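Okay, my_file-v9.cif now, which holds mmCIF, C-alpha atoms:
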```
data_work
#
loop_
_atom_site.group_PDB
_atom_site.id
_atom_site.type_symbol
_atom_site.label_atom_id
_atom_site.label_comp_id
_atom_site.auth_asym_id
_atom_site.auth_seq_id
_atom_site.Cartn_x
_atom_site.Cartn_y
_atom_site.Cartn_z
ATOM 1 C CA MET E 24 -29.064 -19.423 -12.924
ATOM 2 C CA ASN E 25 -27.378 -17.476 -15.672
ATOM 3 C CA TYR E 26 -26.302 -13.988 -14.541
ATOM 4 C CA LYS E 27 -25.066 -12.857 -17.958
ATOM 5 C CA THR E 28 -26.656 -9.758 -19.483
ATOM 6 C CA ASP E 29 -28.065 -9.821 -23.050
ATOM 7 C CA ILE E 30 -25.029 -8.187 -24.617
ATOM 8 C CA VAL E 31 -22.574 -10.552 -22.940
ATOM 9 C CA GLN E 32 -24.756 -13.509 -23.892
ATOM 10 C CA VAL E 33 -24.777 -12.475 -27.539
ATOM 11 C CA SER E 34 -21.108 -11.553 -27.794
ATOM 12 C CA GLY E 35 -20.234 -14.835 -26.131
ATOM 13 C CA ARG E 36 -17.789 -13.340 -23.700
ATOM 14 C CA GLY E 37 -16.792 -15.179 -20.591
ATOM 15 C CA SER E 38 -13.992 -15.214 -18.102
ATOM 16 C CA ALA E 39 -10.587 -13.861 -19.141
ATOM 17 C CA GLU E 40 -9.163 -17.002 -17.497
ATOM 18 C CA THR E 41 -6.403 -15.083 -15.743
ATOM 19 C CA GLY E 42 -8.526 -13.947 -12.794
ATOM 20 C CA ALA E 43 -7.541 -16.627 -10.299
ATOM 21 C CA SER E 44 -3.796 -16.293 -10.868
ATOM 22 C CA HIS E 45 -4.082 -12.480 -10.723
ATOM 23 C CA TRP E 46 -5.975 -12.766 -7.431
ATOM 24 C CA PHE E 47 -3.420 -15.237 -6.065
ATOM 25 C CA GLY E 48 -0.516 -13.036 -7.184
ATOM 26 C CA GLU E 49 -1.989 -10.073 -5.279
ATOM 27 C CA ARG E 50 -2.172 -12.169 -2.087
ATOM 28 C CA LEU E 51 1.319 -13.575 -2.622
ATOM 29 C CA LYS E 52 2.761 -10.049 -2.800
ATOM 30 C CA SER E 53 0.803 -9.081 0.338
ATOM 31 C CA VAL E 54 2.274 -12.036 2.237
ATOM 32 C CA ALA E 55 5.796 -11.243 0.984
ATOM 33 C CA LEU E 56 5.348 -7.651 2.136
ATOM 34 C CA ILE E 57 4.868 -8.655 5.792
ATOM 35 C CA PRO E 58 8.560 -9.542 6.378
ATOM 36 C CA LEU E 59 9.746 -7.005 3.775
ATOM 37 C CA THR E 60 7.926 -4.146 5.557
ATOM 38 C CA ILE E 61 9.503 -5.114 8.886
ATOM 39 C CA ILE E 62 12.952 -5.136 7.215
ATOM 40 C CA PHE E 63 12.196 -1.759 5.571
ATOM 41 C CA ILE E 64 11.188 -0.200 8.917
ATOM 42 C CA CYS E 65 14.289 -1.623 10.636
ATOM 43 C CA ILE E 66 16.537 -0.084 7.951
ATOM 44 C CA ILE E 67 14.795 3.267 7.320
ATOM 45 C CA ALA E 68 13.128 4.315 10.605
ATOM 46 C CA PRO E 69 16.403 5.010 12.498
ATOM 47 C CA LEU E 70 17.664 7.103 9.558
ATOM 48 C CA ILE E 71 14.756 9.573 9.310
ATOM 49 C CA GLY E 72 16.068 12.915 10.553
ATOM 50 C CA ALA E 73 19.704 11.734 10.591
ATOM 51 C CA ASP E 74 22.421 13.713 8.789
ATOM 52 C CA HIS E 75 23.649 12.950 5.262
ATOM 53 C CA SER E 76 26.818 11.001 6.155
ATOM 54 C CA THR E 77 24.912 8.756 8.603
ATOM 55 C CA VAL E 78 22.186 7.988 6.041
ATOM 56 C CA VAL E 79 24.590 7.314 3.149
ATOM 57 C CA GLY E 80 27.014 5.387 5.382
ATOM 58 C CA SER E 81 24.250 3.129 6.651
ATOM 59 C CA LEU E 82 22.754 2.470 3.189
ATOM 60 C CA GLN E 83 26.124 1.610 1.618
ATOM 61 C CA SER E 84 25.710 -1.941 2.890
ATOM 62 C CA PRO E 85 24.905 -4.156 -0.140
ATOM 63 C CA VAL E 86 22.622 -6.377 1.968
ATOM 64 C CA LYS E 87 20.505 -3.359 2.996
ATOM 65 C CA GLY E 88 20.539 -2.034 -0.571
ATOM 66 C CA PHE E 89 19.383 -5.370 -1.957
ATOM 67 C CA ALA E 90 16.645 -5.727 0.694
ATOM 68 C CA LEU E 91 15.395 -2.183 -0.014
ATOM 69 C CA ILE E 92 15.317 -2.764 -3.779
ATOM 70 C CA ILE E 93 13.263 -5.968 -3.326
ATOM 71 C CA PHE E 94 10.971 -4.112 -0.898
ATOM 72 C CA PHE E 95 10.405 -1.205 -3.310
ATOM 73 C CA LEU E 96 9.795 -3.503 -6.295
ATOM 74 C CA VAL E 97 7.158 -5.591 -4.493
ATOM 75 C CA THR E 98 5.606 -2.519 -2.834
ATOM 76 C CA LEU E 99 5.290 -0.541 -6.049
ATOM 77 C CA LYS E 100 3.644 -3.504 -7.811
ATOM 78 C CA HIS E 101 1.328 -3.920 -4.786
ATOM 79 C CA LEU E 102 0.583 -0.158 -4.842
ATOM 80 C CA GLU E 103 -0.131 -0.307 -8.585
ATOM 81 C CA GLU E 104 -2.552 -3.211 -8.187
ATOM 82 C CA GLY E 105 -4.179 -1.642 -5.133
ATOM 83 C CA LEU E 106 -4.699 1.763 -6.743
ATOM 84 C CA GLN E 107 -6.032 0.024 -9.858
ATOM 85 C CA VAL E 108 -8.720 -1.694 -7.756
ATOM 86 C CA VAL E 109 -9.631 1.680 -6.210
ATOM 87 C CA ILE E 110 -9.893 3.240 -9.703
ATOM 88 C CA GLU E 111 -12.003 0.348 -11.003
ATOM 89 C CA ASP E 112 -14.313 0.543 -7.984
ATOM 90 C CA TYR E 113 -14.995 4.291 -7.938
ATOM 91 C CA VAL E 114 -14.591 5.521 -11.520
ATOM 92 C CA HIS E 115 -17.488 4.479 -13.715
ATOM 93 C CA THR E 116 -16.641 5.922 -17.138
ATOM 94 C CA ARG E 117 -14.773 3.384 -19.249
ATOM 95 C CA GLY E 118 -12.498 5.913 -20.965
ATOM 96 C CA ARG E 119 -11.524 7.533 -17.676
ATOM 97 C CA VAL E 120 -10.834 4.147 -16.097
ATOM 98 C CA LEU E 121 -8.464 3.198 -18.928
ATOM 99 C CA ILE E 122 -6.614 6.539 -18.799
ATOM 100 C CA LEU E 123 -6.318 6.468 -14.984
ATOM 101 C CA ILE E 124 -5.022 2.878 -15.024
ATOM 102 C CA LYS E 125 -2.285 3.884 -17.487
ATOM 103 C CA LEU E 126 -1.414 6.991 -15.422
ATOM 104 C CA ASN E 127 -1.342 4.799 -12.320
ATOM 105 C CA LYS E 128 1.138 2.420 -14.004
ATOM 106 C CA LEU E 129 3.273 5.375 -15.095
ATOM 107 C CA PHE E 130 3.215 6.898 -11.575
ATOM 108 C CA CYS E 131 4.078 3.642 -9.771
ATOM 109 C CA TRP E 132 6.845 2.544 -12.134
ATOM 110 C CA THR E 133 8.395 6.018 -12.270
ATOM 111 C CA PHE E 134 8.673 6.158 -8.486
ATOM 112 C CA GLY E 135 9.754 2.517 -8.281
ATOM 113 C CA LEU E 136 12.578 3.070 -10.762
ATOM 114 C CA VAL E 137 13.607 6.343 -9.078
ATOM 115 C CA ALA E 138 13.791 4.508 -5.736
ATOM 116 C CA ILE E 139 15.904 1.698 -7.229
ATOM 117 C CA PHE E 140 18.163 4.231 -8.973
ATOM 118 C CA ALA E 141 18.677 6.175 -5.726
ATOM 119 C CA ILE E 142 19.437 3.074 -3.643
ATOM 120 C CA ALA E 143 21.785 1.647 -6.293
ATOM 121 C CA LYS E 144 23.608 4.975 -6.572
ATOM 122 C CA ILE E 145 24.127 5.164 -2.792
ATOM 123 C CA THR E 146 25.095 1.481 -2.447
ATOM 124 C CA PHE E 147 27.518 1.394 -5.383
ATOM 125 C CA ALA E 148 29.100 4.733 -4.499
ATOM 126 C CA ALA E 149 30.972 3.032 -1.653
ATOM 127 C CA MET C 7 -34.559 -15.851 -20.949
ATOM 128 C CA ALA C 8 -31.701 -13.398 -21.069
ATOM 129 C CA ASN C 9 -34.020 -10.504 -20.131
ATOM 130 C CA GLU C 10 -35.290 -12.454 -17.184
ATOM 131 C CA ALA C 11 -31.704 -12.990 -16.000
ATOM 132 C CA LYS C 12 -31.027 -9.273 -16.288
ATOM 133 C CA GLY C 13 -33.982 -8.422 -14.059
ATOM 134 C CA LYS C 14 -32.917 -10.918 -11.407
ATOM 135 C CA ARG C 15 -29.266 -9.914 -11.190
ATOM 136 C CA PRO C 16 -28.386 -9.276 -7.553
ATOM 137 C CA LEU C 17 -27.612 -5.708 -6.525
ATOM 138 C CA SER C 18 -25.658 -4.949 -3.363
ATOM 139 C CA PRO C 19 -27.251 -2.492 -0.900
ATOM 140 C CA HIS C 20 -26.193 1.077 -1.441
ATOM 141 C CA LEU C 21 -23.447 2.295 0.890
ATOM 142 C CA THR C 22 -25.407 5.335 2.134
ATOM 143 C CA ILE C 23 -28.266 3.254 3.583
ATOM 144 C CA TYR C 24 -25.928 0.787 5.263
ATOM 145 C CA ARG C 25 -25.320 1.315 8.995
ATOM 146 C CA PRO C 26 -21.549 1.525 9.583
ATOM 147 C CA GLN C 27 -20.256 -1.646 11.215
ATOM 148 C CA MET C 28 -16.947 -2.644 12.761
ATOM 149 C CA SER C 29 -16.097 -4.846 9.779
ATOM 150 C CA SER C 30 -16.986 -2.277 7.109
ATOM 151 C CA VAL C 31 -15.376 0.744 8.803
ATOM 152 C CA SER C 32 -12.142 -1.063 9.723
ATOM 153 C CA SER C 33 -12.006 -2.472 6.193
ATOM 154 C CA ILE C 34 -12.467 0.839 4.367
ATOM 155 C CA PHE C 35 -9.642 2.311 6.462
ATOM 156 C CA VAL C 36 -7.287 -0.334 5.018
ATOM 157 C CA ARG C 37 -8.085 1.130 1.609
ATOM 158 C CA ILE C 38 -7.835 4.758 2.768
ATOM 159 C CA SER C 39 -4.524 4.122 4.541
ATOM 160 C CA GLY C 40 -3.249 2.339 1.429
ATOM 161 C CA VAL C 41 -4.013 5.318 -0.810
ATOM 162 C CA ALA C 42 -2.498 7.694 1.781
ATOM 163 C CA LEU C 43 0.652 5.551 1.890
ATOM 164 C CA ALA C 44 1.262 6.362 -1.784
ATOM 165 C CA LEU C 45 2.065 9.902 -0.582
ATOM 166 C CA GLY C 46 4.301 8.634 2.230
ATOM 167 C CA PHE C 47 6.199 6.535 -0.301
ATOM 168 C CA VAL C 48 6.740 9.433 -2.631
ATOM 169 C CA LEU C 49 8.271 11.351 0.307
ATOM 170 C CA VAL C 50 10.596 8.500 1.342
ATOM 171 C CA ILE C 51 11.685 7.949 -2.275
ATOM 172 C CA TRP C 52 12.286 11.693 -2.710
ATOM 173 C CA TRP C 53 14.362 11.622 0.494
ATOM 174 C CA LEU C 54 16.417 8.643 -0.807
ATOM 175 C CA LEU C 55 16.916 10.356 -4.165
ATOM 176 C CA ALA C 56 18.080 13.547 -2.427
ATOM 177 C CA ALA C 57 20.533 11.519 -0.319
ATOM 178 C CA SER C 58 21.969 10.028 -3.511
ATOM 179 C CA ILE C 59 22.304 13.388 -5.295
ATOM 180 C CA SER C 60 23.916 15.985 -3.034
ATOM 181 C CA ILE C 61 24.323 17.145 0.561
ATOM 182 C CA PRO C 62 22.522 20.536 0.162
ATOM 183 C CA TYR C 63 19.565 18.874 -1.579
ATOM 184 C CA PHE C 64 19.429 16.271 1.213
ATOM 185 C CA GLU C 65 19.560 19.025 3.871
ATOM 186 C CA PHE C 66 16.572 20.697 2.188
ATOM 187 C CA ILE C 67 14.435 17.501 2.182
ATOM 188 C CA ASN C 68 15.635 16.564 5.665
ATOM 189 C CA GLY C 69 14.652 20.006 6.950
ATOM 190 C CA MET C 70 11.210 19.569 5.423
ATOM 191 C CA MET C 71 10.765 16.103 6.937
ATOM 192 C CA THR C 72 11.883 17.168 10.420
ATOM 193 C CA SER C 73 9.691 20.307 10.490
ATOM 194 C CA TRP C 74 6.488 20.098 12.543
ATOM 195 C CA PHE C 75 4.454 19.545 9.395
ATOM 196 C CA GLY C 76 6.851 16.878 8.126
ATOM 197 C CA ALA C 77 6.725 15.168 11.516
ATOM 198 C CA ILE C 78 2.912 14.986 11.348
ATOM 199 C CA VAL C 79 3.103 13.478 7.840
ATOM 200 C CA MET C 80 5.781 10.984 8.947
ATOM 201 C CA VAL C 81 3.897 9.878 12.089
ATOM 202 C CA GLY C 82 0.715 9.643 9.999
ATOM 203 C CA SER C 83 2.542 7.507 7.420
ATOM 204 C CA VAL C 84 3.917 5.196 10.118
ATOM 205 C CA TRP C 85 0.408 4.774 11.544
ATOM 206 C CA ALA C 86 -1.026 4.172 8.048
ATOM 207 C CA LEU C 87 1.692 1.579 7.369
ATOM 208 C CA CYS C 88 0.965 -0.225 10.670
ATOM 209 C CA TYR C 89 -2.803 -0.087 10.127
ATOM 210 C CA HIS C 90 -2.580 -1.187 6.492
ATOM 211 C CA SER C 91 -0.263 -4.103 7.395
ATOM 212 C CA LEU C 92 -2.415 -5.354 10.283
ATOM 213 C CA GLY C 93 -5.652 -4.792 8.344
ATOM 214 C CA GLY C 94 -4.065 -6.559 5.369
ATOM 215 C CA ILE C 95 -3.202 -9.574 7.532
ATOM 216 C CA ARG C 96 -6.842 -9.657 8.645
ATOM 217 C CA HIS C 97 -7.946 -9.664 5.010
ATOM 218 C CA LEU C 98 -5.512 -12.503 4.276
ATOM 219 C CA ILE C 99 -7.081 -14.475 7.153
ATOM 220 C CA TRP C 100 -10.522 -13.779 5.643
ATOM 221 C CA ASP C 101 -9.238 -14.792 2.191
ATOM 222 C CA MET C 102 -8.183 -18.147 3.648
ATOM 223 C CA GLY C 103 -11.756 -18.604 4.850
ATOM 224 C CA TYR C 104 -11.368 -17.990 8.581
ATOM 225 C CA GLY C 105 -12.745 -15.416 11.010
ATOM 226 C CA PHE C 106 -16.094 -14.661 9.370
ATOM 227 C CA ASP C 107 -18.263 -15.033 12.474
ATOM 228 C CA LEU C 108 -19.324 -11.758 14.043
ATOM 229 C CA LYS C 109 -17.413 -12.176 17.292
ATOM 230 C CA THR C 110 -14.054 -13.061 15.703
ATOM 231 C CA SER C 111 -14.514 -10.411 13.024
ATOM 232 C CA ASP C 112 -15.206 -7.670 15.600
ATOM 233 C CA ARG C 113 -12.358 -8.824 17.813
ATOM 234 C CA MET C 114 -9.923 -8.770 14.859
ATOM 235 C CA GLY C 115 -11.149 -5.246 14.045
ATOM 236 C CA TRP C 116 -10.296 -4.018 17.552
ATOM 237 C CA CYS C 117 -6.929 -5.824 17.399
ATOM 238 C CA VAL C 118 -6.111 -3.991 14.157
ATOM 239 C CA ILE C 119 -7.105 -0.566 15.571
ATOM 240 C CA ILE C 120 -5.374 -0.946 18.948
ATOM 241 C CA GLY C 121 -2.424 -2.802 17.410
ATOM 242 C CA SER C 122 -1.850 -0.053 14.840
ATOM 243 C CA PHE C 123 -1.345 2.536 17.620
ATOM 244 C CA ILE C 124 0.908 0.204 19.643
ATOM 245 C CA PHE C 125 3.093 -0.546 16.600
ATOM 246 C CA THR C 126 3.208 3.167 15.700
ATOM 247 C CA ILE C 127 4.580 3.967 19.168
ATOM 248 C CA ILE C 128 7.098 1.093 18.899
ATOM 249 C CA VAL C 129 8.337 2.300 15.484
ATOM 250 C CA ILE C 130 8.602 5.936 16.640
ATOM 251 C CA TYR C 131 10.473 4.829 19.770
ATOM 252 C CA TYR C 132 12.756 2.586 17.664
ATOM 253 C CA SER C 133 13.430 5.409 15.184
ATOM 254 C CA GLY C 134 15.079 7.380 17.981
ATOM 255 C CA ALA C 135 12.870 10.417 17.333
ATOM 256 C CA LEU C 136 11.881 10.570 21.017
ATOM 257 C CA SER C 137 15.420 10.535 22.416
#
```

Re-express the file's structure as structure tokens.
Amino acid sequence: MNYKTDIVQVSGRGSAETGASHWFGERLKSVALIPLTIIFICIIAPLIGADHSTVVGSLQSPVKGFALIIFFLVTLKHLEEGLQVVIEDYVHTRGRVLILIKLNKLFCWTFGLVAIFAIAKITFAA
Amino acid sequence: MANEAKGKRPLSPHLTIYRPQMSSVSSIFVRISGVALALGFVLVIWWLLAASISIPYFEFINGMMTSWFGAIVMVGSVWALCYHSLGGIRHLIWDMGYGFDLKTSDRMGWCVIIGSFIFTIIVIYYSGALS
């Protein structure tokens, strides 16, 4: 049976044809985050509460820096997509949805870039 | 024809008349923990930024994170990260088409809840905060 509403029927709109790859991309990032999260915890957990020289000394390893940058990139994209789903599910006014999705992008990418800047600064300061 | 289709479109039952179940409650907590983790991430990124800027600024953030309130937020974030990861793995299993029967679904729910606390303790122990 045809589930399309009148307006969709008339305007002839259908699938955006990017849904499946978007869905698959979300899952791919989730799978990648399983090992990345373990690596992140192994690097960061022992440093919480440590003094400045210990933290900076430990993060000056390029391997750790690289792993953290990959982790933050994938996580921030995952966070952006996840928060977007939450916005789309619970906000029902179209204008608000569009504004919140843009703010969400701005929020996630700002923090992602700040994280990468901070890690690069520590790693390259060696 | 189109009007007929509109009338017959399926509508999911409203959340407030649905009895909470293991699958629904453990699933919504994946979402809640995910949103809460945004805050935990902001804190960790702020901490990294402070470490890259100056020692006094780092001392300030470090003092905040090691205060009793900071400790609660950190332990909460670790739990949320463990829960979200385990719950996420369960959703990936569902996405692959497995584990939909009631028994497996319930058992996975308990594994996620109990596992999240076990992993939280392991991470806190590994972090050296207890020693």

Give me, as a Markdown table, the closest atom pair and its distance (Å, one decimal) for every residue of chain E within a cut-off of 9 Å of chain C, counting only C-alpha atoms, rows sorted by chain and rising number.
```
| residue | atom | partner | partner_atom | distance |
| --- | --- | --- | --- | --- |
| E:Met24 | CA | C:Ala11 | CA | 7.6 |
| E:Asn25 | CA | C:Ala11 | CA | 6.2 |
| E:Tyr26 | CA | C:Ala11 | CA | 5.7 |
| E:Lys27 | CA | C:Ala11 | CA | 6.9 |
| E:Thr28 | CA | C:Lys12 | CA | 5.4 |
| E:Asp29 | CA | C:Ala8 | CA | 5.5 |
| E:Gln32 | CA | C:Ala8 | CA | 7.5 |
| E:Arg50 | CA | C:Leu98 | CA | 7.2 |
| E:Ser53 | CA | C:Gly94 | CA | 7.4 |
| E:Val54 | CA | C:Ile95 | CA | 8.0 |
| E:Leu56 | CA | C:Ser91 | CA | 8.5 |
| E:Ile57 | CA | C:Ser91 | CA | 7.0 |
| E:Thr60 | CA | C:Ser91 | CA | 8.4 |
| E:Ile64 | CA | C:Val129 | CA | 7.6 |
| E:Cys65 | CA | C:Tyr132 | CA | 8.3 |
| E:Ile67 | CA | C:Ser133 | CA | 8.3 |
| E:Ala68 | CA | C:Ser133 | CA | 4.7 |
| E:Pro69 | CA | C:Ser133 | CA | 4.0 |
| E:Leu70 | CA | C:Ser133 | CA | 7.2 |
| E:Ile71 | CA | C:Ser133 | CA | 7.3 |
| E:Gly72 | CA | C:Thr72 | CA | 6.0 |
| E:Ala73 | CA | C:Asn68 | CA | 8.0 |
| E:Asp74 | CA | C:Glu65 | CA | 7.8 |
| E:His75 | CA | C:Ile61 | CA | 6.3 |
| E:Ser76 | CA | C:Ile61 | CA | 8.7 |
| E:Val78 | CA | C:Ala57 | CA | 7.5 |
| E:Val79 | CA | C:Ala57 | CA | 6.8 |
| E:Leu102 | CA | C:Ala44 | CA | 7.2 |
| E:Gly105 | CA | C:Gly40 | CA | 7.7 |
| E:Leu106 | CA | C:Val41 | CA | 7.0 |
| E:Val109 | CA | C:Arg37 | CA | 8.0 |
| E:Cys131 | CA | C:Ala44 | CA | 8.9 |
| E:Phe134 | CA | C:Val48 | CA | 7.0 |
| E:Gly135 | CA | C:Ile51 | CA | 8.3 |
| E:Val137 | CA | C:Leu55 | CA | 7.2 |
| E:Ala138 | CA | C:Ile51 | CA | 5.3 |
| E:Phe140 | CA | C:Leu55 | CA | 7.9 |
| E:Ala141 | CA | C:Leu55 | CA | 4.8 |
| E:Ile142 | CA | C:Leu54 | CA | 6.9 |
| E:Ala143 | CA | C:Ser58 | CA | 8.8 |
| E:Lys144 | CA | C:Ser58 | CA | 6.1 |
| E:Ile145 | CA | C:Ser58 | CA | 5.4 |
| E:Ala148 | CA | C:Ser58 | CA | 8.9 |
```

query: Nearest to Ser122 in chain C: which of C:Met28, C:Ile34, C:Ala86, C:Leu17 is it, counting all atoms listed in the file?
result: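 Looking only at the distances to Ser122 in chain C, the closest residue turns out to be C:Ala86.
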
query: Mind pulling up the distance from CA of His90 in chain C to CA of Ser33 in chain C?
result: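 CA of His90 in chain C lies 9.5 Å from CA of Ser33 in chain C.
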
task: For CA of Trp85 in chain C and CA of Phe123 in chain C, determine how far apart the two atoms are, in Å to one decimal place.
output: 6.7 Å

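For the atom pair formed by CA of Leu121 in chain E and CA of Val36 in chain C, the distance is 24.2 Å, given to one decimal.
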
Once the PyMOL selection byres ((chain E and resi 88) around 10) has been evaluated on this model, what residues remain selected, and can you format them as an mmCIF file with C-alpha atoms, in the coordinates of the input?
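Just written: selection_0.cif:
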```
data_model
loop_
_atom_site.group_PDB
_atom_site.id
_atom_site.type_symbol
_atom_site.label_atom_id
_atom_site.label_comp_id
_atom_site.auth_asym_id
_atom_site.auth_seq_id
_atom_site.Cartn_x
_atom_site.Cartn_y
_atom_site.Cartn_z
ATOM 1 C CA ILE E 66 16.537 -0.084 7.951
ATOM 2 C CA SER E 81 24.250 3.129 6.651
ATOM 3 C CA LEU E 82 22.754 2.470 3.189
ATOM 4 C CA GLN E 83 26.124 1.610 1.618
ATOM 5 C CA SER E 84 25.710 -1.941 2.890
ATOM 6 C CA PRO E 85 24.905 -4.156 -0.140
ATOM 7 C CA VAL E 86 22.622 -6.377 1.968
ATOM 8 C CA LYS E 87 20.505 -3.359 2.996
ATOM 9 C CA PHE E 89 19.383 -5.370 -1.957
ATOM 10 C CA ALA E 90 16.645 -5.727 0.694
ATOM 11 C CA LEU E 91 15.395 -2.183 -0.014
ATOM 12 C CA ILE E 92 15.317 -2.764 -3.779
ATOM 13 C CA ILE E 93 13.263 -5.968 -3.326
ATOM 14 C CA PHE E 94 10.971 -4.112 -0.898
ATOM 15 C CA ILE E 139 15.904 1.698 -7.229
ATOM 16 C CA ALA E 141 18.677 6.175 -5.726
ATOM 17 C CA ILE E 142 19.437 3.074 -3.643
ATOM 18 C CA ALA E 143 21.785 1.647 -6.293
ATOM 19 C CA LYS E 144 23.608 4.975 -6.572
ATOM 20 C CA ILE E 145 24.127 5.164 -2.792
ATOM 21 C CA THR E 146 25.095 1.481 -2.447
ATOM 22 C CA PHE E 147 27.518 1.394 -5.383
#
```

Could you model N, CA and C atoms for range 58-71 of chain C and present them as a CSV table (one decimal), in the frame of the given file?
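Result saved to rebuild14.csv:
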```
chain,number,residue,atom,x,y,z
C,58,SER,N,21.1,10.5,-2.5
C,58,SER,CA,22.0,10.0,-3.5
C,58,SER,C,22.5,11.2,-4.4
C,59,ILE,N,21.9,12.3,-4.4
C,59,ILE,CA,22.3,13.4,-5.3
C,59,ILE,C,23.3,14.3,-4.7
C,60,SER,N,22.9,15.1,-3.6
C,60,SER,CA,23.9,16.0,-3.0
C,60,SER,C,23.5,16.3,-1.6
C,61,ILE,N,24.6,16.8,-0.9
C,61,ILE,CA,24.3,17.1,0.6
C,61,ILE,C,23.3,18.3,0.7
C,62,PRO,N,23.5,19.4,0.0
C,62,PRO,CA,22.5,20.5,0.2
C,62,PRO,C,21.1,20.1,-0.2
C,63,TYR,N,20.9,19.3,-1.2
C,63,TYR,CA,19.6,18.9,-1.6
C,63,TYR,C,19.0,18.0,-0.5
C,64,PHE,N,19.9,17.1,0.1
C,64,PHE,CA,19.4,16.3,1.2
C,64,PHE,C,19.0,17.1,2.4
C,65,GLU,N,19.9,18.2,2.7
C,65,GLU,CA,19.6,19.0,3.9
C,65,GLU,C,18.2,19.7,3.7
C,66,PHE,N,17.9,20.1,2.5
C,66,PHE,CA,16.6,20.7,2.2
C,66,PHE,C,15.4,19.7,2.5
C,67,ILE,N,15.5,18.5,2.0
C,67,ILE,CA,14.4,17.5,2.2
C,67,ILE,C,14.4,17.1,3.7
C,68,ASN,N,15.6,16.9,4.3
C,68,ASN,CA,15.6,16.6,5.7
C,68,ASN,C,15.0,17.6,6.5
C,69,GLY,N,15.2,18.9,6.2
C,69,GLY,CA,14.7,20.0,7.0
C,69,GLY,C,13.1,20.0,6.9
C,70,MET,N,12.7,19.6,5.6
C,70,MET,CA,11.2,19.6,5.4
C,70,MET,C,10.6,18.4,6.2
C,71,MET,N,11.3,17.3,6.2
C,71,MET,CA,10.8,16.1,6.9
C,71,MET,C,10.8,16.2,8.5
```
